[in-house]
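Raw protein.csv, CSV, C-alpha atoms and all ligand atoms:
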chain,number,residue,atom,x,y,z
A,1352,MET,CA,-30.2,-29.5,-56.8
A,1353,THR,CA,-27.0,-27.7,-57.4
A,1354,GLU,CA,-24.1,-30.1,-57.2
A,1355,VAL,CA,-20.7,-28.6,-56.7
A,1356,GLU,CA,-17.9,-30.6,-58.0
A,1357,THR,CA,-14.5,-29.3,-57.3
A,1358,LYS,CA,-11.2,-30.8,-58.3
A,1359,PHE,CA,-8.1,-30.0,-56.3
A,1360,ASP,CA,-4.4,-31.1,-56.4
A,1361,ILE,CA,-3.2,-31.4,-52.9
A,1362,PRO,CA,0.0,-33.0,-51.4
A,1363,GLU,CA,-0.9,-36.5,-50.5
A,1364,ILE,CA,0.3,-35.9,-47.0
A,1365,ASN,CA,-2.6,-33.5,-46.4
A,1366,LEU,CA,-5.3,-36.1,-47.5
A,1367,VAL,CA,-5.9,-37.4,-44.0
A,1368,SER,CA,-6.5,-34.0,-42.4
A,1369,LEU,CA,-8.8,-33.1,-45.3
A,1370,GLN,CA,-10.8,-36.3,-44.9
A,1371,THR,CA,-11.0,-35.7,-41.1
A,1372,LYS,CA,-12.3,-32.2,-41.7
A,1373,ILE,CA,-15.0,-33.5,-44.1
A,1374,THR,CA,-16.1,-36.2,-41.7
A,1375,LYS,CA,-16.5,-33.6,-39.0
A,1376,LEU,CA,-18.5,-31.3,-41.2
A,1377,ASN,CA,-20.7,-34.1,-42.4
A,1378,LYS,CA,-21.9,-34.7,-38.8
A,1379,ARG,CA,-23.4,-31.3,-39.1
A,1380,ALA,CA,-24.9,-32.1,-42.5
A,1381,VAL,CA,-26.7,-35.1,-41.0
A,1382,LYS,CA,-28.1,-33.0,-38.1
A,1383,LEU,CA,-29.3,-30.3,-40.6
A,1384,GLY,CA,-30.9,-32.9,-42.9
A,1385,CYS,CA,-28.5,-31.9,-45.7
A,1386,GLU,CA,-26.5,-34.1,-48.0
A,1387,PRO,CA,-23.0,-34.9,-46.9
A,1388,ILE,CA,-19.8,-33.8,-48.7
A,1389,THR,CA,-18.0,-36.6,-50.5
A,1390,LEU,CA,-14.3,-36.9,-51.3
A,1391,GLU,CA,-12.8,-39.1,-54.0
A,1392,VAL,CA,-9.1,-39.6,-54.8
A,1393,LEU,CA,-8.9,-39.6,-58.6
A,1394,GLU,CA,-5.1,-40.2,-59.0
A,1395,GLU,CA,-1.8,-39.9,-57.2
A,1396,TYR,CA,1.3,-38.6,-58.9
A,1397,PHE,CA,4.8,-37.1,-58.2
A,1398,GLU,CA,5.8,-33.6,-59.3
A,1399,GLY,CA,8.6,-31.2,-58.9
A,1400,THR,CA,12.2,-31.3,-57.8
A,1401,PRO,CA,12.5,-32.5,-55.1
A,1402,ALA,CA,9.3,-34.4,-55.9
A,1403,ILE,CA,6.2,-34.1,-53.9
A,1404,LYS,CA,3.5,-36.8,-54.0
A,1405,TYR,CA,0.2,-35.2,-55.0
A,1406,ALA,CA,-3.4,-36.5,-55.0
A,1407,LYS,CA,-5.9,-35.2,-57.4
A,1408,VAL,CA,-9.2,-35.3,-55.5
A,1409,GLU,CA,-12.7,-34.5,-56.3
A,1410,VAL,CA,-14.8,-33.0,-53.6
A,1411,ILE,CA,-18.6,-32.9,-54.1
A,1412,GLY,CA,-20.8,-30.8,-52.0
A,1413,LYS,CA,-24.5,-30.4,-52.6
A,1414,ALA,CA,-26.0,-27.0,-52.0
A,1415,PRO,CA,-28.9,-27.2,-49.6
A,1416,GLN,CA,-32.3,-27.0,-51.4
A,1417,TYR,CA,-35.9,-26.6,-50.5
A,1418,ASN,CA,-39.1,-26.3,-52.5
A,1419,GLY,CA,-37.1,-26.1,-55.7
A,1420,TRP,CA,-34.8,-23.4,-54.5
A,1421,SER,CA,-31.1,-23.9,-53.9
A,1422,PHE,CA,-28.7,-21.7,-52.0
A,1423,ALA,CA,-26.2,-20.1,-54.4
A,1424,ALA,CA,-24.5,-17.4,-52.5
A,1425,LYS,CA,-24.3,-15.3,-49.3
A,1426,LEU,CA,-24.4,-11.6,-49.9
A,1427,ASP,CA,-23.3,-8.8,-47.5
A,1428,PRO,CA,-24.0,-5.3,-48.7
A,1429,THR,CA,-21.3,-2.7,-48.0
A,1430,GLU,CA,-20.9,1.0,-49.0
A,1431,ALA,CA,-18.5,-0.1,-51.7
A,1432,GLY,CA,-20.8,-2.8,-53.2
A,1433,ASN,CA,-21.9,-6.3,-52.2
A,1434,LEU,CA,-19.5,-8.9,-50.9
A,1435,ILE,CA,-20.5,-12.1,-52.6
A,1436,ARG,CA,-19.5,-15.5,-51.3
A,1437,ALA,CA,-20.8,-18.0,-53.9
A,1438,ILE,CA,-20.9,-21.7,-53.7
A,1439,PRO,CA,-17.8,-22.7,-55.9
A,1440,GLY,CA,-18.7,-23.2,-59.5
A,1441,ILE,CA,-21.9,-21.1,-59.5
A,1442,GLN,CA,-21.8,-18.0,-61.7
A,1443,ILE,CA,-23.8,-15.3,-59.9
A,1444,PRO,CA,-25.3,-12.7,-62.3
A,1445,GLU,CA,-23.5,-9.3,-62.5
A,1446,LYS,CA,-26.4,-7.4,-61.1
A,1447,TYR,CA,-26.0,-8.9,-57.6
A,1448,LYS,CA,-22.6,-7.1,-57.2
A,1449,THR,CA,-24.5,-3.8,-56.8
A,1450,SER,CA,-28.0,-4.9,-55.8
A,1451,GLY,CA,-27.6,-3.5,-52.3
A,1452,ASN,CA,-30.3,-3.8,-49.7
A,1453,TYR,CA,-33.3,-5.3,-51.4
A,1454,CYS,CA,-35.4,-8.4,-50.8
A,1455,ASP,CA,-37.2,-10.1,-53.7
A,1456,HIS,CA,-39.7,-11.7,-51.2
A,1457,CYS,CA,-41.0,-8.7,-49.4
A,1458,LYS,CA,-40.0,-6.2,-52.2
A,1459,MET,CA,-38.6,-3.9,-49.6
A,1460,HIS,CA,-35.4,-2.0,-49.2
A,1461,ARG,CA,-34.3,-2.6,-45.7
A,1462,ASP,CA,-31.1,-2.1,-43.9
A,1463,ARG,CA,-30.2,-5.7,-43.4
A,1464,LYS,CA,-26.8,-7.3,-42.8
A,1465,THR,CA,-27.2,-10.5,-44.7
A,1466,TYR,CA,-29.0,-11.7,-47.8
A,1467,TYR,CA,-29.0,-15.0,-49.7
A,1468,ILE,CA,-29.0,-15.5,-53.4
A,1469,LEU,CA,-31.2,-18.5,-54.3
A,1470,GLN,CA,-31.6,-20.3,-57.6
A,1471,ASN,CA,-34.5,-22.4,-58.8
A,1472,GLU,CA,-34.4,-25.4,-61.1
A,1473,ALA,CA,-35.2,-23.1,-64.1
A,1474,GLY,CA,-32.0,-21.2,-63.3
A,1475,THR,CA,-33.8,-18.0,-62.0
A,1476,PHE,CA,-32.0,-16.2,-59.3
A,1477,CYS,CA,-33.5,-14.1,-56.5
A,1478,GLN,CA,-32.2,-12.2,-53.5
A,1479,VAL,CA,-33.9,-12.8,-50.1
A,1480,GLY,CA,-33.2,-11.2,-46.8
A,1481,LYS,CA,-32.1,-13.4,-44.0
A,1482,ASN,CA,-35.3,-12.8,-42.0
A,1483,CYS,CA,-37.5,-13.6,-45.0
A,1484,LEU,CA,-36.0,-17.0,-45.7
A,1485,LYS,CA,-38.5,-18.8,-43.6
A,1486,ASP,CA,-41.6,-17.3,-45.3
A,1487,PHE,CA,-40.0,-17.5,-48.8
A,1488,LEU,CA,-39.1,-21.1,-48.6
A,1489,GLY,CA,-41.9,-22.3,-46.3
A,1490,HIS,CA,-39.3,-24.3,-44.3
A,1491,THR,CA,-39.4,-24.4,-40.5
A,1492,SER,CA,-35.7,-23.8,-40.1
A,1493,PRO,CA,-34.2,-22.3,-43.2
A,1494,GLN,CA,-31.4,-20.8,-41.1
A,1495,ALA,CA,-29.9,-24.3,-40.7
A,1496,MET,CA,-29.9,-24.7,-44.4
A,1497,ALA,CA,-28.3,-21.3,-44.9
A,1498,ASN,CA,-25.7,-22.3,-42.4
A,1499,TRP,CA,-24.9,-25.4,-44.3
A,1500,ALA,CA,-24.7,-23.4,-47.6
A,1501,GLN,CA,-22.2,-21.2,-45.8
A,1502,VAL,CA,-20.2,-24.3,-44.7
A,1503,ILE,CA,-20.0,-25.4,-48.3
A,1504,ILE,CA,-19.0,-22.0,-49.6
A,1505,GLU,CA,-16.3,-21.5,-47.1
A,1506,PHE,CA,-14.9,-25.0,-46.9
A,1507,LEU,CA,-14.8,-25.7,-50.7
A,1508,GLY,CA,-13.4,-22.3,-51.3
A,1509,SER,CA,-10.6,-22.8,-48.8
A,1510,ILE,CA,-9.4,-26.3,-49.7
A,1511,GLY,CA,-6.9,-25.0,-52.2
A,1512,SER,CA,-5.2,-22.6,-49.8
A,1513,ASP,CA,-5.6,-24.7,-46.6
A,1514,TYR,CA,-4.6,-28.1,-48.0
A,1515,GLY,CA,-2.8,-27.2,-51.3
A,1516,SER,CA,0.7,-26.5,-50.1
A,1517,SER,CA,3.3,-28.7,-48.5
A,1518,ASN,CA,6.6,-28.3,-46.7
A,1519,THR,CA,9.9,-29.9,-47.8
A,1520,SER,CA,9.7,-32.6,-45.1
A,1521,ASP,CA,7.3,-34.3,-47.5
A,1522,ALA,CA,9.7,-34.1,-50.5
A,1523,HIS,CA,10.6,-37.3,-52.3
A,1524,TYR,CA,13.9,-38.0,-54.0
A,1525,LYS,CA,14.5,-40.5,-56.8
A,1526,VAL,CA,16.5,-43.5,-55.6
A,1527,LYS,CA,18.4,-43.6,-58.9
A,1528,ASP,CA,19.4,-39.9,-58.7
A,1529,VAL,CA,20.5,-40.2,-55.1
A,1530,LEU,CA,22.6,-43.2,-55.9
A,1531,ALA,CA,24.1,-41.5,-59.0
A,1532,SER,CA,25.1,-38.5,-56.9
A,1533,ALA,CA,26.5,-40.7,-54.1
A,1534,ILE,CA,28.7,-42.5,-56.6
A,1535,ARG,CA,30.1,-39.2,-57.9
A,1536,VAL,CA,30.8,-37.9,-54.3
A,1537,ILE,CA,32.5,-41.2,-53.3
A,1538,ARG,CA,34.6,-41.5,-56.4
A,1539,THR,CA,35.9,-38.0,-55.9
A,1540,LYS,CA,36.2,-37.7,-52.1
A,1541,GLY,CA,36.0,-41.3,-50.8
A,1542,PHE,CA,33.4,-42.2,-48.2
A,1543,THR,CA,33.0,-40.4,-44.9
A,1544,SER,CA,30.7,-42.0,-42.4
A,1545,THR,CA,28.9,-40.1,-39.6
A,1546,ALA,CA,31.3,-41.6,-37.1
A,1547,ALA,CA,34.4,-40.5,-39.1
A,1548,ALA,CA,33.0,-36.9,-39.4
A,1549,ARG,CA,32.3,-36.8,-35.7
A,1550,ASP,CA,35.9,-37.8,-34.9
A,1551,HIS,CA,37.6,-35.5,-37.4
A,1552,GLU,CA,36.8,-31.9,-37.4
A,1553,GLY,CA,36.2,-30.4,-40.8
A,1554,LEU,CA,35.1,-33.6,-42.5
A,1555,THR,CA,31.7,-33.6,-44.1
A,1556,THR,CA,29.7,-36.8,-44.2
A,1557,THR,CA,29.2,-38.3,-47.7
A,1558,SER,CA,25.4,-38.3,-46.9
A,1559,ASP,CA,25.5,-34.5,-46.3
A,1560,GLU,CA,27.5,-33.9,-49.5
A,1561,VAL,CA,24.9,-35.9,-51.4
A,1562,SER,CA,21.8,-34.3,-49.8
A,1563,TYR,CA,23.3,-30.8,-50.4
A,1564,VAL,CA,22.8,-31.5,-54.1
A,1565,PHE,CA,19.1,-32.0,-53.6
A,1566,PHE,CA,18.5,-28.9,-51.4
A,1567,ASN,CA,16.5,-26.1,-52.9
A,1568,PRO,CA,19.0,-23.5,-54.1
A,1569,PRO,CA,19.9,-21.1,-51.3
A,1570,LYS,CA,18.1,-17.8,-51.5
A,1571,GLY,CA,19.5,-14.4,-51.0
A,1572,SER,CA,23.2,-14.8,-51.2
A,1573,SER,CA,24.8,-15.0,-54.6
A,1574,LYS,CA,27.9,-16.5,-53.2
A,1575,LEU,CA,26.0,-19.3,-51.6
A,1576,MET,CA,24.1,-19.8,-54.8
A,1577,GLU,CA,27.3,-20.0,-56.8
A,1578,MET,CA,28.7,-22.6,-54.3
A,1579,TRP,CA,25.5,-24.6,-54.6
A,1580,ARG,CA,25.7,-24.5,-58.4
A,1581,ASN,CA,29.3,-25.7,-58.4
A,1582,HIS,CA,28.4,-28.5,-56.0
A,1583,VAL,CA,25.6,-29.7,-58.3
A,1584,GLU,CA,27.8,-29.4,-61.3
A,1585,ARG,CA,30.4,-31.6,-59.6
A,1586,PHE,CA,28.1,-34.1,-57.8
A,1587,GLY,CA,24.6,-33.8,-59.4
A,1588,PRO,CA,22.9,-36.9,-60.7
A,1589,ALA,CA,23.0,-35.7,-64.3
A,1590,ASN,CA,26.0,-37.8,-65.3
A,1591,GLU,CA,25.8,-40.7,-67.7
A,1592,ALA,CA,28.4,-43.0,-66.0
A,1593,ALA,CA,27.0,-42.4,-62.6
A,1594,GLN,CA,23.5,-43.1,-63.8
A,1595,ALA,CA,24.7,-46.4,-65.3
A,1596,ASN,CA,26.3,-47.2,-61.9
A,1597,ALA,CA,23.0,-46.4,-60.1
A,1598,THR,CA,21.2,-48.8,-62.4
A,1599,ASP,CA,23.7,-51.5,-61.5
A,1600,ILE,CA,23.3,-50.8,-57.8
A,1601,MET,CA,19.5,-51.1,-58.1
A,1602,THR,CA,19.9,-54.5,-59.8
A,1603,TRP,CA,22.5,-55.5,-57.2
A,1604,ILE,CA,20.0,-54.7,-54.4
A,1605,GLU,CA,17.3,-56.7,-56.2
A,1606,ASN,CA,19.7,-59.7,-56.3
A,1607,GLN,CA,20.7,-59.6,-52.6
A,1608,GLU,CA,19.4,-62.2,-50.2
A,1609,ASN,CA,16.9,-60.6,-47.8
A,1610,ASN,CA,18.7,-61.6,-44.7
A,1611,SER,CA,18.9,-58.4,-42.6
A,1612,ASP,CA,16.9,-55.3,-41.8
A,1613,TYR,CA,19.5,-53.3,-43.8
A,1614,ILE,CA,18.9,-55.3,-47.0
A,1615,HIS,CA,15.2,-55.4,-46.3
A,1616,ASN,CA,15.0,-51.6,-46.1
A,1617,LEU,CA,17.0,-51.3,-49.2
A,1618,LYS,CA,14.7,-53.6,-51.1
A,1619,VAL,CA,11.7,-51.5,-49.9
A,1620,VAL,CA,13.1,-48.2,-51.1
A,1621,ASN,CA,14.4,-49.8,-54.3
A,1622,GLU,CA,10.9,-51.1,-55.1
A,1623,LEU,CA,9.4,-47.7,-54.3
A,1624,GLY,CA,11.9,-45.8,-56.4
A,1625,TRP,CA,11.7,-42.9,-54.0
A,1626,ILE,CA,13.1,-42.0,-50.6
A,1627,LYS,CA,12.4,-39.3,-48.1
A,1628,TRP,CA,15.0,-37.0,-46.5
A,1629,LYS,CA,15.7,-39.4,-43.6
A,1630,GLU,CA,16.7,-42.3,-45.9
A,1631,PHE,CA,19.6,-40.5,-47.5
A,1632,GLY,CA,22.2,-42.2,-45.3
A,1633,LEU,CA,20.8,-45.6,-46.1
A,1634,LEU,CA,21.1,-45.1,-49.9
A,1635,VAL,CA,24.5,-43.4,-49.7
A,1636,SER,CA,25.9,-46.3,-47.7
A,1637,VAL,CA,24.8,-48.9,-50.2
A,1638,ALA,CA,26.6,-47.0,-53.0
A,1639,TRP,CA,29.7,-47.3,-50.9
A,1640,VAL,CA,29.1,-51.0,-50.1
A,1641,TRP,CA,28.5,-51.7,-53.8
A,1642,MET,CA,31.6,-49.8,-54.9
A,1643,LYS,CA,33.8,-51.7,-52.5
A,1644,GLU,CA,32.5,-55.0,-53.7
A,1645,ALA,CA,32.9,-54.0,-57.3
A,1646,GLU,CA,36.4,-52.8,-56.7
A,1647,LYS,CA,37.4,-55.9,-54.8
A,1648,ALA,CA,36.2,-58.1,-57.6
A,1649,GLU,CA,38.0,-56.0,-60.2
A,1650,TYR,CA,41.2,-55.9,-58.0
A,1651,GLN,CA,41.2,-59.7,-57.5
A,1652,ARG,CA,40.7,-60.2,-61.2
A,1653,LYS,CA,43.6,-57.9,-62.1
A,1654,SER,CA,46.1,-58.7,-59.4
A,1655,LYS,CA,46.2,-62.3,-60.5
A,1656,GLU,CA,48.0,-61.3,-63.6
A,1657,LYS,CA,50.3,-58.6,-62.1
A,1658,ALA,CA,53.9,-58.4,-60.9
A,1659,ASN,CA,54.1,-57.4,-57.3
A,1660,ASP,CA,57.6,-55.9,-56.7
A,1661,TYR,CA,58.9,-52.6,-55.2
A,1662,LEU,CA,60.7,-50.3,-57.7
A,1663,GLY,CA,63.9,-48.3,-57.3
A,1664,GLU,CA,65.8,-47.3,-54.1
A,1665,LYS,CA,64.5,-45.3,-51.2
A,1666,GLY,CA,65.6,-41.7,-51.3
A,1667,LYS,CA,66.8,-42.0,-54.9
A,1668,ARG,CA,65.3,-40.0,-57.8
A,1669,GLU,CA,64.1,-42.2,-60.6
A,1670,THR,CA,62.4,-41.9,-64.0
A,1671,TRP,CA,59.9,-44.5,-65.2
A,1672,GLU,CA,57.4,-45.0,-67.9
A,1673,LEU,CA,54.2,-45.6,-66.0
A,1674,THR,CA,50.5,-46.1,-66.9
A,1675,TYR,CA,48.1,-43.9,-65.0
A,1676,VAL,CA,45.4,-46.3,-63.6
A,1677,GLY,CA,43.3,-44.2,-61.3
A,1678,HIS,CA,43.1,-41.6,-58.5
A,1679,ARG,CA,41.2,-40.6,-55.4
A,1680,TRP,CA,40.9,-37.4,-53.5
A,1681,PHE,CA,41.3,-37.3,-49.7
A,1682,ASP,CA,40.6,-34.4,-47.4
A,1683,SER,CA,43.7,-32.7,-46.2
A,1684,GLN,CA,44.5,-30.6,-43.2
A,1685,TYR,CA,47.0,-28.6,-45.3
A,1686,ASN,CA,44.8,-27.3,-48.1
A,1687,ASP,CA,41.1,-26.9,-49.1
A,1688,LYS,CA,41.2,-29.0,-52.2
A,1689,GLY,CA,42.7,-32.0,-50.5
A,1690,THR,CA,45.4,-34.5,-51.4
A,1691,CYS,CA,45.1,-36.7,-54.5
A,1692,MET,CA,46.4,-40.3,-54.5
A,1693,ILE,CA,47.4,-41.1,-58.0
A,1694,LYS,CA,47.9,-44.7,-58.9
A,1695,PHE,CA,50.4,-45.8,-61.7
A,1696,GLU,CA,51.6,-49.2,-62.9
A,1697,ASP,CA,54.7,-50.1,-64.8
A,1698,ALA,CA,54.6,-52.4,-67.8
A,1699,LYS,CA,54.8,-55.5,-65.6
A,1700,GLY,CA,51.9,-54.3,-63.4
A,1701,ASN,CA,54.0,-53.2,-60.4
A,1702,SER,CA,52.2,-50.5,-58.4
A,1703,VAL,CA,53.5,-47.0,-57.9
A,1704,VAL,CA,51.6,-44.4,-55.9
A,1705,TRP,CA,52.1,-40.6,-55.8
A,1706,TRP,CA,50.4,-38.4,-53.2
A,1707,THR,CA,50.1,-34.8,-54.4
A,1708,SER,CA,48.1,-31.6,-54.4
A,1709,ALA,CA,49.8,-30.5,-57.7
A,1710,VAL,CA,46.9,-31.8,-59.8
A,1711,GLU,CA,43.4,-30.4,-60.5
A,1712,GLY,CA,40.1,-32.0,-61.4
A,1713,ASP,CA,37.6,-34.5,-60.1
A,1714,ASP,CA,36.8,-37.0,-62.9
A,1715,THR,CA,39.6,-36.0,-65.1
A,1716,LEU,CA,43.0,-34.9,-63.7
A,1717,THR,CA,45.2,-32.1,-65.1
A,1718,TYR,CA,48.8,-31.8,-64.1
A,1719,LYS,CA,50.1,-28.4,-65.1
A,1720,ASP,CA,48.8,-28.2,-68.7
A,1721,LEU,CA,48.8,-32.0,-69.1
A,1722,LYS,CA,45.5,-33.8,-69.2
A,1723,MET,CA,45.9,-37.2,-67.7
A,1724,ILE,CA,43.9,-39.9,-69.3
A,1725,GLU,CA,43.3,-43.2,-67.5
A,1726,GLY,CA,45.1,-46.0,-69.3
A,1727,ASP,CA,47.7,-43.7,-70.9
A,1728,THR,CA,51.4,-44.0,-70.3
A,1729,TYR,CA,53.5,-41.1,-68.9
A,1730,THR,CA,57.1,-40.3,-68.1
A,1731,VAL,CA,57.2,-39.9,-64.3
A,1732,LYS,CA,60.3,-38.6,-62.6
A,1733,GLY,CA,60.3,-38.6,-58.8
A,1734,THR,CA,61.9,-39.6,-55.5
A,1735,VAL,CA,61.1,-43.0,-54.0
A,1736,LYS,CA,59.8,-42.1,-50.5
A,1737,ASP,CA,58.7,-45.4,-49.1
A,1738,PHE,CA,57.7,-49.0,-49.7
A,1739,ARG,CA,54.3,-50.1,-48.4
A,1740,GLU,CA,51.9,-53.0,-48.6
A,1741,TYR,CA,48.2,-52.4,-49.2
A,1742,LYS,CA,45.8,-55.4,-49.4
A,1743,GLY,CA,48.5,-57.8,-50.5
A,1744,ARG,CA,49.9,-55.4,-53.1
A,1745,ASN,CA,53.4,-53.9,-52.8
A,1746,GLN,CA,53.3,-50.1,-53.5
A,1747,THR,CA,56.2,-47.9,-54.3
A,1748,ILE,CA,55.4,-44.5,-52.8
A,1749,MET,CA,56.7,-41.5,-54.7
A,1750,ALA,CA,57.2,-37.8,-53.9
A,1751,ARG,CA,57.9,-34.6,-55.8
A,1752,CYS,CA,57.0,-36.1,-59.2
A,1753,ALA,CA,57.2,-34.4,-62.5
A,1754,VAL,CA,54.9,-35.9,-65.1
A,1755,GLY,CA,55.4,-35.7,-68.9
A,1756,LYS,CA,54.1,-37.3,-72.0
B,1801,ZN,ZN,-37.9,-9.7,-47.4

Would it be possible to restate this file's structure as structure tokens?
Amino acid sequence: MTEVETKFDIPEINLVSLQTKITKLNKRAVKLGCEPITLEVLEEYFEGTPAIKYAKVEVIGKAPQYNGWSFAAKLDPTEAGNLIRAIPGIQIPEKYKTSGNYCDHCKMHRDRKTYYILQNEAGTFCQVGKNCLKDFLGHTSPQAMANWAQVIIEFLGSIGSDYGSSNTSDAHYKVKDVLASAIRVIRTKGFTSTAAARDHEGLTTTSDEVSYVFFNPPKGSSKLMEMWRNHVERFGPANEAAQANATDIMTWIENQENNSDYIHNLKVVNELGWIKWKEFGLLVSVAWVWMKEAEKAEYQRKSKEKANDYLGEKGKRETWELTYVGHRWFDSQYNDKGTCMIKFEDAKGNSVVWWTSAVEGDDTLTYKDLKMIEGDTYTVKGTVKDFREYKGRNQTIMARCAVGK
């Protein structure tokens, strides 16, 4: 008996419908007295970016057989040659491409519509007209077997095209990469929740900024393509520091007490290592929660040792030696690139803040031609604009600063 083994790689999401189809077909196999089709999942794996979960499956169909003869192909003669629909995996001899109207059983050339190619256990092929099948095989209902042969031909031949593709709703995204990207967005632009974006026109949610990294590149417009590339360059997961943060966040999730649905869901996706599109918001939010906690701990540790006084006089222009300790970008209604909050400290640890759009850069800031390096000390000349308190720290707010080395 000819056994047809066919291996396919299909998106895992299509497995259920493939199995359902086979179950349905097999009801016919039982009625026809033929052997059912079997399906076995050999392995499951992820592939591509975004990743799709695939299953490698083996589908086995047994070609119907009687009296030592198996069905190998269905053949429809046309003026341009024969149309051959073979059971997958069976190599039909060349001559059947042009054999035309001829029956090996009755040895007659007749104008028939359909022939079958049969193969015996010795490997010999023959071509038999549809109406001669009964006499040739000596079976009472050879047509039923021929029909089943056709089912196997058509079904096995179509698995690749019918079940082989997927849509992006099945895409999977690596937890670590999403976290790394979220960290980069939040560090540069702060965190924007869905609620905040709803209330402030023009704000984009952090989750949208992150998911845009993982979109397929926009097609057609070179301008959109350029924008997307820049976005990925700025916020993509391929960044060593962000990857290290992502690993820390995953460990942090592991160590959390499982005391809410939120933590429970995080633990589930953390364990899986993958999320689907709808879980972007969940992961992005935990990057923010983790960052706030980490900053708070760092802040508490540092502020214990620091002086906490206001500097200078309101409205007066002053020059100080200040250490640049960090910055954050905020969206602005005045310009596209936003406003940068630059944090300085004097030698005693007093806090000075300068709000400006006169600098460039995300991770590393440049003021005019001066590259600003975290931890380095600069000469800052500016006007004292205000005194404010932020989380227990007194901040001297500066305006119109000139920064030099
Ligand atoms: Zn015949």

Worksheet item: Mind pulling up the distance from atom CA of Met1642 of chain A to atom CA of Lys1699 of chain A?
Response: 26.2 Å

Practice prompt. Give me, please, the distance in Å between atom CA of Val1564 of chain A and atom CA of Pro1588 of chain A, quoted to one decimal.
Written response: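 Rounded to one decimal, the two atoms are 8.5 Å apart.
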
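Checking A:Phe1738, A:Phe1506, A:Phe1586, A:Trp1680 one by one against Glu1664 of chain A, counting all atoms listed in the file, you find the shortest gap at A:Phe1738.
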
Discussion item. I'd like the interatomic distance between atom CA of Gly1541 of chain A and atom CA of Phe1681 of chain A, to a tenth of an Å.
Written reply: 6.7 Å

Worksheet item: Which is closest to Ile1503 of chain A among A:Glu1672, A:Asp1737, A:Glu1386, A:Asp1720, if we use only C-alpha atoms?
Response: A:Glu1386

Practice prompt. Might you pull out every residue within 9 Å of Glu1696 of chain A, with all atoms listed in the file counted and same-chain residues fewer than 5 positions away left off, and present them as a PyMOL selection string?
Written response: chain A and resi 1672-1676+1701-1704

Practice prompt. Quick one: everything within 9 Å of segment 1609-1618 of chain A, counting only C-alpha atoms, minus sequence neighbours fewer than 6 positions away in the same chain. Send it as a list in words.
Written response: Met1601, Leu1633, Leu1634 and Val1637 of chain A

Worksheet item: Residues at most 12 Å from Asp1714 of chain A, counting all atoms listed in the file, excluding those fewer than 4 positions away in the same chain, as a PyMOL selection string?
Response: chain A and resi 1534-1540+1584-1586+1590+1592-1593+1677-1680+1691+1710+1722-1725

Item to complete: Kindly indicate which residue among A:Leu1484, A:Ile1441, A:Ala1406, A:Ala1495 lies nearest to ligand ZN 1801 (chain B), using all atoms listed in the file for the distances.
Response: A:Leu1484

Item to complete: Step by step, measure atom-to-atom distances between ligand ZN 1801 (chain B) and each residue using only C-alpha atoms and all ligand atoms, keep those at most 7 Å, then write them as a ChimeraX atom specification.
Response: /A:1454-1459,1479-1480,1482-1483

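Of the residues listed (A:Glu1395, A:Glu1591, A:Glu1472, A:Asp1559), A:Glu1591 shows the shortest atom-to-atom separation from Ala1531 of chain A; distances use only C-alpha atoms.
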
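Of the listed residues A:Glu1398, A:Asp1682, A:Arg1436, A:Tyr1417, the one whose atoms come nearest to Lys1485 of chain A is A:Tyr1417, with distances taken using all atoms listed in the file.
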
Practice prompt. Dig up all the protein and nucleic acid residues within 10 Å of (56.6, -44.7, -52.1) in the file frame, using only C-alpha atoms, and format them as a ChimeraX atom specification.
Written response: /A:1661-1666,1702-1706,1733-1739,1745-1750

Fill in: Contacts of Val1529 of chain A at 10 Å (only C-alpha atoms; same-chain gap of 2+ positions) as a list in words
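So, after excluding close chain neighbours, the residues are Tyr1524, Lys1525, Val1526, Lys1527, Ala1531, Ser1532, Ala1533, Ile1534, Ser1558, Val1561, Ser1562, Val1564, Phe1565, Gly1587, Pro1588, Gln1594, Ala1597, Trp1625, Ile1626, Phe1631, Leu1634, Val1635 and Ala1638 of chain A.
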
Please dump the current selection as a CSV table (one decimal), keeping the file's coordinate frame; keep C-alpha atoms.
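Result file is part-v8.csv:
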chain,number,residue,atom,x,y,z
A,1524,TYR,CA,13.9,-38.0,-54.0
A,1525,LYS,CA,14.5,-40.5,-56.8
A,1526,VAL,CA,16.5,-43.5,-55.6
A,1527,LYS,CA,18.4,-43.6,-58.9
A,1531,ALA,CA,24.1,-41.5,-59.0
A,1532,SER,CA,25.1,-38.5,-56.9
A,1533,ALA,CA,26.5,-40.7,-54.1
A,1534,ILE,CA,28.7,-42.5,-56.6
A,1558,SER,CA,25.4,-38.3,-46.9
A,1561,VAL,CA,24.9,-35.9,-51.4
A,1562,SER,CA,21.8,-34.3,-49.8
A,1564,VAL,CA,22.8,-31.5,-54.1
A,1565,PHE,CA,19.1,-32.0,-53.6
A,1587,GLY,CA,24.6,-33.8,-59.4
A,1588,PRO,CA,22.9,-36.9,-60.7
A,1594,GLN,CA,23.5,-43.1,-63.8
A,1597,ALA,CA,23.0,-46.4,-60.1
A,1625,TRP,CA,11.7,-42.9,-54.0
A,1626,ILE,CA,13.1,-42.0,-50.6
A,1631,PHE,CA,19.6,-40.5,-47.5
A,1634,LEU,CA,21.1,-45.1,-49.9
A,1635,VAL,CA,24.5,-43.4,-49.7
A,1638,ALA,CA,26.6,-47.0,-53.0

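Counting only C-alpha atoms, the residue from A:Glu1644, A:Asp1360, A:Asp1660, A:Asp1713 that sits nearest to Glu1394 of chain A is A:Asp1360.
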
Practice prompt. List every protein, DNA or RNA residue that has an atom no more than 9 Å from (51.1, -30.6, -61.2) in the file's coordinate frame, counting all atoms listed in the file, and report them as a PyMOL selection string.
Written response: chain A and resi 1707-1711+1717-1721+1752-1754
